[in-house]
Number of protein chains: 2
Amino acid sequence: MVTTFKKICIYGVGLMGGSLALACKKSNPDIEIIGTGRNEAHLKQAQFLGVIDSFSTDLKAALDGVELIVFAMPVGAMEAAFKQVKPFVNDTMVLTDLGSTKGNVVLLANKIFKTFAKNFVPGHPIAGTEKSGAAAAFAELFQKRRVILTPTVLTEPQAIDRVTALWQGCGAEVIEMPVEHHDEVLAATSHLPHMLAFSLVDTLSKMNDKQEIFKYAAGGFRDFTRIASSSPEMWQDICIANAESLVDVIEKFQADLSVLTSAIQSGDKETIAKIFTRAKEARDQFCND
Amino acid sequence: MVTTFKKICIYGVGLMGGSLALACKKSNPDIEIIGTGRNEAHLKQAQFLGVIDSFSTDLKAALDGVELIVFAMPVGAMEAAFKQVKPFVNDTMVLTDLGSTKGNVVLLANKIFKTFAKNFVPGHPIAGTEKSGAAAAFAELFQKRRVILTPTVLTEPQAIDRVTALWQGCGAEVIEMPVEHHDEVLAATSHLPHMLAFSLVDTLSKMNDKQEIFKYAAGGFRDFTRIASSSPEMWQDICIANAESLVDVIEKFQADLSVLTSAIQSGDKETIAKIFTRAKEARDQFCND
């Protein structure tokens with residue numbers, strides 16, 4: 001029988017942390033959820049919205065009696081947060097995070113939490129929207145979504161079980177995979193598309209007739225560029241944290257796009273058709289919408 | 001007072017042509033709509049679905065008494081269609097098309113229709129979905145959408161007015177612009193995003209662990225790649241027809257993506273943040289969703 005958490009602290013009550021708080025409350029109304037973070041005004045708003053029960057910017061107070069700490073800030077802010085939290089960590093506390101990259105987070109956790117690193121369960125919910133902040137949080141964000149945990153050989157099985165149960169209570173499907181594999185897969189399916197969307201909108205926004213260009217954008221363009229409305233701060237951190245895998249897939253993509261461009265230039269219909277058909281078949285097979 | 005069309009022929013009853021038929025019927029139940037095209041089974045289905053009143057694969061029969069011919073096939077099929085229709089065109093017939101590129105269509109129309117080219121009103125409704133075929137057609141496709149007309153100095157003002165009125169009856173906003181400008185703007189806002197979506201899905205589908213890669217794709221990926229489910233045939237034609245403008249913007253995009261990649265490689269947070277912020281601001285300003 002897995003022991004559920006009675007009191008948890010969410011460090012960084014934005015879209016992700018806030019949605020986790022709401023989802024936990026929904027599945028377990030008796031749970032006590034404390035928020036902490038850098039910005040008191042944001043925490044106040046989160047409490048006002050009913051996302052968290054209470055908050056404190058004083059970590060000693062925020063972590064008092066807490067059984068689980070959830071690090072829910074952009075990955076670039078994790079190191080500072082780990083260091084601030086470290087003095088108040090004890091062996092009965094489980095730690096987890098919601099970071100979009102895992103290699104760097106695991107390295108930092110091992111380095112900073114040292115013997116307590118065994119209680120750190122690295123996690124990444126494959127969910128989100130292009131919005132940010134607690135006001136955008138909703139309890140159903142993780143429903144039928146996958147959450148990837150990337151425990152190391154050091155991680156306590158009991159801590160993994162408790163974090164797994166927490167996510168399952170939020171309606172998510174929990175999957176474990178090695179850290180490096182996570183970072184490679186996510187570079188391809190999430191980080192690369194975001195780079196393309198940001199870069200495309202940036203290219204267009206630098207054109208002379210940008211007012212007009214965006215005026216004639218149709219529905220497909222809106223869908224395609226929606227992720228370019230995501231938080232620049234969060235994505236800047238992801239790029240730095242997963243630079244190696246990300247640059248790898250960008251280079252693969254650039255090479256493939258150059259092949260397509262040459263085919264367009266030379267009027268090579270056959271190559272163009274082959275690329276488009278292969279893409280359409282893959283998309284239709286894997287995404288049924 | 002603009003004279004409305006009483007009898008129109010739609011050549012190519014797919015998503016676009018079929019939706020135009022349904023929208024015309026809705027705004028003017030007395031209109032008679034005849035379908036024609038290469039594929040009798042598709043036309044039969046379109047009639048069965050109530051998208052068209054009748055059909056004929058015999059162009060002489062299909063065009064008898066018709067006041068407007070709408071060319072609604074992929075742009076690569078326009079030349080053959082123009083040539084087939086030519087013998088049955090007379091001076092009272094208005095001609096228009098729904099092609100996604102306009103430069104090549106205008107050239108072909110001038111070359112093939114000769115003196116009747118003055119009755120050809122080149123058009124492009126900025127609307128569509130990733131689906132194809134008459135079964136995907138719906139009357140509201142053009143509601144509150146823009147339709148770009150690119151008449152030349154030769155085009156009869158009366159023909160422009162009648163086609164404009166037809167589209168306005170379908171709920172669309174009609175805008176006129178020069179042919180070349182249309183092709184440049186659309187290369188940026190429509191053709192380039194499609195190239196990126198097709199190329200991205202193709203890159204991923206060639207990876208060893210593609211089953212797994214698509215498994216971890218989240219909502220953002222689905223939205224981002226939806227346009228990669230579009231018709232390969234139609235898009236292959238668009239690439240060829242608008243090659244020059246398209247290659248131009250692809251190259252601009254590739255240069256910008258390389259700048260971003262270098263910044264990621266060298267950990268240059270400032271440049272990354274600048275690109276992402278500029279993109280987010282442009283997207284948030286122009287697309288309010």
# chains A, B, ... in the order shown; residues from 1 in each chain; ligands from 1

$ interface_residues --of "chain B" --to "chain A" --cutoff "6 Å" --atoms "only C-alpha atoms" --output "VMD selection string"
chain B and resid 126 185 189 198 to 199 201 to 203 213 217 to 218 223 to 224 228 to 229 232 236 240 243 253 257 264 267 273 276 to 277 279 to 280

$ residues_around --residues "Asn104 in chain B" --least-positions-apart "3" --cutoff "9 Å" --atoms "only C-alpha atoms" --output "list in words"
Val75, Thr101, Leu107, Leu108, Ala109, Ala241 and Asn242 of chain B

$ write_last_selection --atoms "N, CA and C atoms" --output "short mmCIF file (atom, residue, chain, number, x, y, z; two decimals), in the first residue's frame"
data_model
loop_
_atom_site.label_atom_id
_atom_site.label_comp_id
_atom_site.auth_asym_id
_atom_site.auth_seq_id
_atom_site.Cartn_x
_atom_site.Cartn_y
_atom_site.Cartn_z
N VAL B 75 -3.65 23.41 -58.17
CA VAL B 75 -3.15 24.33 -59.20
C VAL B 75 -2.39 23.61 -60.32
N THR B 101 -2.11 29.57 -55.48
CA THR B 101 -1.10 30.44 -56.07
C THR B 101 -1.78 31.16 -57.22
N LEU B 107 -1.05 33.53 -65.70
CA LEU B 107 -0.31 33.30 -66.95
C LEU B 107 -1.04 32.30 -67.84
N LEU B 108 -1.44 31.18 -67.22
CA LEU B 108 -2.14 30.13 -67.98
C LEU B 108 -3.47 30.63 -68.54
N ALA B 109 -4.21 31.35 -67.71
CA ALA B 109 -5.52 31.84 -68.15
C ALA B 109 -5.37 32.77 -69.35
N ALA B 241 4.27 25.67 -58.34
CA ALA B 241 3.67 26.89 -58.89
C ALA B 241 4.24 28.15 -58.27
N ASN B 242 4.62 28.08 -57.00
CA ASN B 242 5.10 29.29 -56.32
C ASN B 242 6.55 29.11 -55.87
#

$ select_by_dssp --residues "range 154-276 of chain A" --states "alpha helix (DSSP H)" --output "NGL selection string"
:A and (157-169 or 179-186 or 192-205 or 210-215 or 219-225 or 232-241 or 243-265 or 269-276)

$ atom_distance --atom1 "CA of Thr150 in chain B" --atom2 "CA of His124 in chain B"
8.4 Å

$ closest_atom_pairs --of "range 117-147 of chain B" --to "range 161-166 of chain B" --cutoff "10 Å" --atoms "only C-alpha atoms" --output "JSON lines"
{"residue": "B:Phe120", "atom": "CA", "partner": "B:Val163", "partner_atom": "CA", "distance": 9.8}
{"residue": "B:Val121", "atom": "CA", "partner": "B:Val163", "partner_atom": "CA", "distance": 7.4}
{"residue": "B:Pro122", "atom": "CA", "partner": "B:Val163", "partner_atom": "CA", "distance": 9.7}
{"residue": "B:Gly123", "atom": "CA", "partner": "B:Val163", "partner_atom": "CA", "distance": 8.9}
{"residue": "B:Val147", "atom": "CA", "partner": "B:Thr164", "partner_atom": "CA", "distance": 8.8}

$ atom_distance --atom1 "CA of Phe48 in chain A" --atom2 "CA of Thr96 in chain A"
25.3 Å

$ atom_distance --atom1 "CA of Val51 in chain A" --atom2 "CA of Glu32 in chain A"
11.2 Å

$ residues_around --residues "Leu68 in chain B" --least-positions-apart "4" --cutoff "6 Å" --atoms "only C-alpha atoms" --output "list in words"
Ile8, Met93, Val94 and Leu95 of chain B

$ closest_residue --among "B:Gln158, B:Gly50, B:Phe116, B:Ile175" --to "Phe88 in chain B" --atoms "only C-alpha atoms"
B:Phe116

$ select_by_dssp --residues "range 34-171 of chain B" --states "strand (DSSP E)" --output "list in words"
Ile34, Gly35, Thr36, Ser54, Phe55, Leu68, Ile69, Val70, Phe71, Val94, Leu95, Thr96, Asp97, Phe120, Val121, Gly123, His124, Pro125, Arg146, Val147, Ile148 and Leu149 of chain B

$ residues_around --residues "Asn28 in chain B" --least-positions-apart "5" --cutoff "10 Å" --atoms "only C-alpha atoms" --output "list in words"
Thr4, Phe5, Lys6, Leu22, Ala23, Leu166, Gly169 and Cys170 of chain B

$ write_last_selection --atoms "N, CA and C atoms" --output "short mmCIF file (atom, residue, chain, number, x, y, z; two decimals), in the first residue's frame"
data_model
loop_
_atom_site.label_atom_id
_atom_site.label_comp_id
_atom_site.auth_asym_id
_atom_site.auth_seq_id
_atom_site.Cartn_x
_atom_site.Cartn_y
_atom_site.Cartn_z
N THR B 4 -26.67 38.50 -60.04
CA THR B 4 -26.19 37.25 -59.41
C THR B 4 -26.22 36.12 -60.43
N PHE B 5 -25.42 35.09 -60.15
CA PHE B 5 -25.36 33.93 -61.04
C PHE B 5 -26.53 32.99 -60.75
N LYS B 6 -27.15 32.52 -61.83
CA LYS B 6 -28.28 31.59 -61.65
C LYS B 6 -27.82 30.15 -61.78
N LEU B 22 -22.01 24.50 -51.33
CA LEU B 22 -22.93 24.51 -50.19
C LEU B 22 -23.22 25.94 -49.71
N ALA B 23 -22.18 26.77 -49.69
CA ALA B 23 -22.35 28.15 -49.23
C ALA B 23 -23.23 28.95 -50.21
N LEU B 166 -20.64 37.12 -55.12
CA LEU B 166 -20.81 35.69 -54.82
C LEU B 166 -20.12 35.34 -53.50
N GLY B 169 -21.76 36.85 -50.48
CA GLY B 169 -22.94 36.05 -50.14
C GLY B 169 -22.59 34.82 -49.31
N CYS B 170 -21.36 34.34 -49.46
CA CYS B 170 -20.89 33.18 -48.68
C CYS B 170 -20.31 33.60 -47.33
#

$ residues_around --residues "His42 in chain A" --least-positions-apart "3" --cutoff "9 Å" --atoms "only C-alpha atoms" --output "list in words"
Val13, Gly14, Gly37, Arg38, Asn39, Gln45, Ala46, Gln47, Gly133 and Ala134 of chain A

$ write_last_selection --atoms "N, CA and C atoms" --output "PDB file, in the first residue's frame"
ATOM      1  N   VAL A  13       4.174  28.448  -8.504  1.00  0.00           N
ATOM      2  CA  VAL A  13       2.757  28.125  -8.730  1.00  0.00           C
ATOM      3  C   VAL A  13       2.289  28.798 -10.024  1.00  0.00           C
ATOM      4  N   GLY A  14       2.733  28.243 -11.163  1.00  0.00           N
ATOM      5  CA  GLY A  14       2.312  28.759 -12.461  1.00  0.00           C
ATOM      6  C   GLY A  14       1.294  27.824 -13.090  1.00  0.00           C
ATOM      7  N   GLY A  37       7.695  30.551  -3.631  1.00  0.00           N
ATOM      8  CA  GLY A  37       8.265  31.084  -4.870  1.00  0.00           C
ATOM      9  C   GLY A  37       8.856  32.453  -4.628  1.00  0.00           C
ATOM     10  N   ARG A  38       9.297  33.057  -5.725  1.00  0.00           N
ATOM     11  CA  ARG A  38       9.994  34.337  -5.603  1.00  0.00           C
ATOM     12  C   ARG A  38       9.027  35.504  -5.497  1.00  0.00           C
ATOM     13  N   ASN A  39       7.840  35.333  -6.120  1.00  0.00           N
ATOM     14  CA  ASN A  39       6.979  36.490  -6.343  1.00  0.00           C
ATOM     15  C   ASN A  39       5.731  36.416  -5.458  1.00  0.00           C
ATOM     16  N   GLN A  45      -2.151  35.823  -5.590  1.00  0.00           N
ATOM     17  CA  GLN A  45      -3.191  35.604  -6.604  1.00  0.00           C
ATOM     18  C   GLN A  45      -3.574  34.131  -6.662  1.00  0.00           C
ATOM     19  N   ALA A  46      -2.571  33.246  -6.584  1.00  0.00           N
ATOM     20  CA  ALA A  46      -2.837  31.806  -6.631  1.00  0.00           C
ATOM     21  C   ALA A  46      -3.706  31.379  -5.446  1.00  0.00           C
ATOM     22  N   GLN A  47      -3.435  31.970  -4.279  1.00  0.00           N
ATOM     23  CA  GLN A  47      -4.253  31.646  -3.100  1.00  0.00           C
ATOM     24  C   GLN A  47      -5.672  32.189  -3.290  1.00  0.00           C
ATOM     25  N   GLY A 133       1.199  31.040 -15.886  1.00  0.00           N
ATOM     26  CA  GLY A 133       0.641  31.639 -14.681  1.00  0.00           C
ATOM     27  C   GLY A 133      -0.472  30.824 -14.058  1.00  0.00           C
ATOM     28  N   ALA A 134      -0.659  31.043 -12.749  1.00  0.00           N
ATOM     29  CA  ALA A 134      -1.654  30.289 -11.981  1.00  0.00           C
ATOM     30  C   ALA A 134      -3.070  30.508 -12.507  1.00  0.00           C
TER      31      ALA A 134
END

$ closest_residue --among "B:Pro151, B:Gly99, B:Pro178, B:Gly65" --to "Gly17 in chain B" --atoms "only C-alpha atoms"
B:Gly99

$ residues_around --residues "Ala139 in chain B" --least-positions-apart "4" --cutoff "10 Å" --atoms "only C-alpha atoms" --output "PyMOL selection string"
chain B and resi 16+18-27+51+143+170-171
